[in-house]
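A.B. asks: Handing you this structure, nothing more for now.
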Number of protein chains: 2
Amino acid sequence: MSFEAALARAQADTQATLDEMLARFDGAVGDAMRHACNGGKRLRAFLCLESAALHDAPRDRALRAAAAIECVHAYSLVHDDLPCMDDDDMRRGRPTVHRQWDEATAVLAGDALQTLAFEILADPATHPDGAVRSELVLTLARDAGAAGMVRGQALDIAAEEAEAPLSLDQITEMQRLKTGRLLEWPCRAGAVMGRADPAPMLDFAGHLGLAFQIADDLLDVEGDAAATGKAVGKDAAAGKATFVSLLGVEGARARARQLIETAEMSLLPYGPAAANLKGVARYVVTRDR
Amino acid sequence: MSFEAALARAQADTQATLDEMLARFDGAVGDAMRHACNGGKRLRAFLCLESAALHDAPRDRALRAAAAIECVHAYSLVHDDLPCMDDDDMRRGRPTVHRQWDEATAVLAGDALQTLAFEILADPATHPDGAVRSELVLTLARDAGAAGMVRGQALDIAAEEAEAPLSLDQITEMQRLKTGRLLEWPCRAGAVMGRADPAPMLDFAGHLGLAFQIADDLLDVEGDAAATGKAVGKDAAAGKATFVSLLGVEGARARARQLIETAEMSLLPYGPAAANLKGVARYVVTRDR
């Protein structure tokens, strides 16, 4: 199967799994949760499914872990889009949750999506071994919490209020936390579900995450709002230091290519079975959204 | 040990456990998490510790579960106090998180406190058996999520916007979700940690939770802002239907007493070892905060 076909299959299967998980929630909060979990690239889900396949973990279980990480990703976007945070009106080409409903619904839907992620992982259907389920919960909580993603978000907010722009080292550290940790987790989860050492996958994910963020910064400068489904040019307008403002467009492109090559090297132990993960690495720096 | 001494010990031990868990988080979000987790009655922690003691689960492990439920309780208060929700300025006699810092910090601190609860539960220090840790995570996620506490919060918000006030049945259902589920979980957790049937404890918690909410409604009418540490008279000012508006002050008091008697009956299987839980039942209807 080609990379494109594998990604399309992952997108369809992840959506079907999320639809099933979300069906029982009623009212505006239920509708908002479904809205927030609809669409997207499903990059994190795909990483989870491909890592699981590499480690011989069954796909039906891996789809549950994929749904869980997409719930956390969706929760982080819903809260990040709030007026008190990034104040965004559009996401994935549609109104953000607080624009379609209201702020209270956005706070609650984000809260409940985070909770749902842990509910999905702790369910015996995700893995027969309670220690594995627990490890999935523990690692996701560490990656998402106040020493992981939330710390990255807080550093990002603090940077906007600071007088001096962030240095390259500081941006790298902030992005490793804010974006990187939620890209690392699905790579790790596949190994945990297959009871394998996650080290090579984490090495891959670390480089992939930074390349992904550089590509995001390039899209903010060069991208098209219609294709990305969200506002562009926001960072420059806000005077924010980004990989592009610090390295220049060409320098940023070169750094992303370098990171992708290093990421691909991390996959050598897996041989040709890692072809789709190499495809992801190329995809994150060539995507238009 | 008297009930008062046991409660004071639970408060001190829970605070020490939380202080330890929260020490590693830096920046405004870390400070806000500690602020939100400081003080309070620690009713949920006490229920967890007493239920664990009844089921022969070690106290050091039970303290971790107690800290986890207090993190979820604190997260729910931080988000509930936001301007887009209840818009409260004071909590436990101090400024709410968004007043002391700002809304973004309150959103992130609440998010991270929820995450921390699951991190604590999934850690092997909480229980050596991964299946037990997983069960603690799963049941807490169900009680806190969009079919549990968050659903209760959404019903409460919807009621404020509805034309007709809620009926007694509707208020009972809303409060069973909004307040009751987070009082049930610690009662259940002690039994799960001791690998015992949680049914009698859940029966106890169900009646206790409703009595607790009626007492809260009475405090909103008759209480003192200095003692409760938060604004009083808000429900009447908002024209909200409460147990007191529907049953009258005397009717509500009688109903709370009846519920407490039924809650105490649920404890009969445990014999005299449940004395402190009976103490909780009396405490929730006689407290002044």
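Chain identifiers are assigned as A, B, and so on, following the order in which chains appear in the structure tokens; residues are numbered from 1 within each chain, and ligands are numbered from 1 in order of appearance.
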What are the residues of chain A that have an atom within 7 Å of an atom of chain B, counting only C-alpha atoms, as a PyMOL selection string?

C.D. replies: chain A and resi 25+84-85+103-104+108+111-112+115-116+118-119+122-123+130-131+133-135+137-138+141-142+145-147+150

A.B. asks: Just asking: which residues within segment 18-217 of chain A are strand (DSSP E or B) according to DSSP, as a list of chain:residue names?

C.D. replies: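 Everything in segment 18-217 of chain A that counts as strand (DSSP E or B) is A:Met90, A:Arg91, A:Arg94, A:Pro95.
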
A.B. asks: Those residues you just picked out, can you put them in a file as a short mmCIF file (atom, residue, chain, number, x, y, z; two decimals), in the first residue's frame with all heavy atoms?

C.D. replies:
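out-v7.cif, freshly written:
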data_model
loop_
_atom_site.label_atom_id
_atom_site.label_comp_id
_atom_site.auth_asym_id
_atom_site.auth_seq_id
_atom_site.Cartn_x
_atom_site.Cartn_y
_atom_site.Cartn_z
N MET A 90 -11.13 30.29 13.26
CA MET A 90 -11.25 29.19 12.30
C MET A 90 -10.24 28.09 12.63
O MET A 90 -9.12 28.37 13.06
CB MET A 90 -10.99 29.70 10.87
CG MET A 90 -11.98 30.75 10.37
SD MET A 90 -13.64 30.07 10.13
CE MET A 90 -13.38 29.13 8.60
N ARG A 91 -10.64 26.88 12.36
CA ARG A 91 -9.79 25.72 12.60
C ARG A 91 -10.27 24.63 11.63
O ARG A 91 -11.47 24.33 11.59
CB ARG A 91 -9.96 25.28 14.06
CG ARG A 91 -9.38 23.96 14.44
CD ARG A 91 -7.90 23.95 14.50
NE ARG A 91 -7.32 24.79 15.55
CZ ARG A 91 -5.99 24.93 15.71
NH1 ARG A 91 -5.15 24.30 14.90
NH2 ARG A 91 -5.53 25.71 16.67
N ARG A 94 -13.31 25.39 9.53
CA ARG A 94 -14.64 25.60 10.12
C ARG A 94 -14.51 26.49 11.36
O ARG A 94 -13.41 26.67 11.87
CB ARG A 94 -15.26 24.25 10.50
CG ARG A 94 -15.60 23.41 9.28
CD ARG A 94 -16.03 22.02 9.71
NE ARG A 94 -15.03 21.43 10.57
CZ ARG A 94 -15.27 20.57 11.54
NH1 ARG A 94 -16.51 20.17 11.77
NH2 ARG A 94 -14.30 20.08 12.27
N PRO A 95 -15.63 27.03 11.86
CA PRO A 95 -15.52 27.87 13.07
C PRO A 95 -14.96 27.06 14.23
O PRO A 95 -15.22 25.86 14.36
CB PRO A 95 -16.97 28.28 13.36
CG PRO A 95 -17.73 28.00 12.10
CD PRO A 95 -17.02 26.90 11.40
#

A.B. asks: Figure out the distance between atom CA of Cys187 of chain A and atom CA of Met201 of chain A, please, to one decimal in Å.

C.D. replies: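 If I compute the distance from atom CA of Met201 of chain A to atom CA of Cys187 of chain A, I get 5.6 Å.
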
A.B. asks: What is the atom CA of Met265 of chain B-atom CA of Phe204 of chain B distance in Å, reported with one decimal?

C.D. replies: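 Pair atom CA of Met265 of chain B / atom CA of Phe204 of chain B returns 7.9 Å.
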
A.B. asks: With only C-alpha atoms as the basis for distance, which of B:Lys278, B:Lys240, B:Lys41, B:Arg253 is at the shortest distance from Pro165 of chain B?

C.D. replies: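 That would be B:Lys240, the residue with the smallest distance to Pro165 of chain B.
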
A.B. asks: Please provide the set of residues having any atom within 12 Å of Ala5 of chain B, restricted to only C-alpha atoms, with same-chain residues fewer than 4 positions apart removed, written as a ChimeraX atom specification.

C.D. replies: /B:1,9-12,46,276,279

A.B. asks: Using only C-alpha atoms, which protein or nucleic acid residues come within 6 Å of Arg61 of chain B? Drop anything in the same chain fewer than 3 positions from it, and give the result as a list in words.

C.D. replies: Pro58, Arg64 and Thr126 of chain B

A.B. asks: Deliver the residues from the most recent selection as a file, using C-alpha atoms, as a tab-separated table (two decimals), in the first residue's frame.

C.D. replies:
chain	number	residue	atom	x	y	z
B	58	PRO	CA	-2.39	0.71	52.72
B	64	ARG	CA	-2.09	9.01	46.25
B	126	THR	CA	-0.29	3.83	43.63

A.B. asks: Quick one: everything within 7 Å of Ala227 of chain B, counting only C-alpha atoms, minus sequence neighbours fewer than 3 positions away in the same chain. Send it as a list in words.

C.D. replies: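 Contacts, with the query itself left out: Asp224, Asp288 and Arg289 of chain B.
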
A.B. asks: From the DSSP assignment of the backbone, select every residue of segment 83-204 of chain B that is alpha helix (DSSP H), and format the answer as a count of residues only.

C.D. replies: 79

A.B. asks: Which residues are close to Leu54 of chain A, i.e. within 9 Å by only C-alpha atoms, leaving aside same-chain residues fewer than 4 positions away? Reply as a list in words.

C.D. replies: Leu49, Glu50, Gly190, Ala191, Gly194, Tyr270, Ala273 and Ala274 of chain A
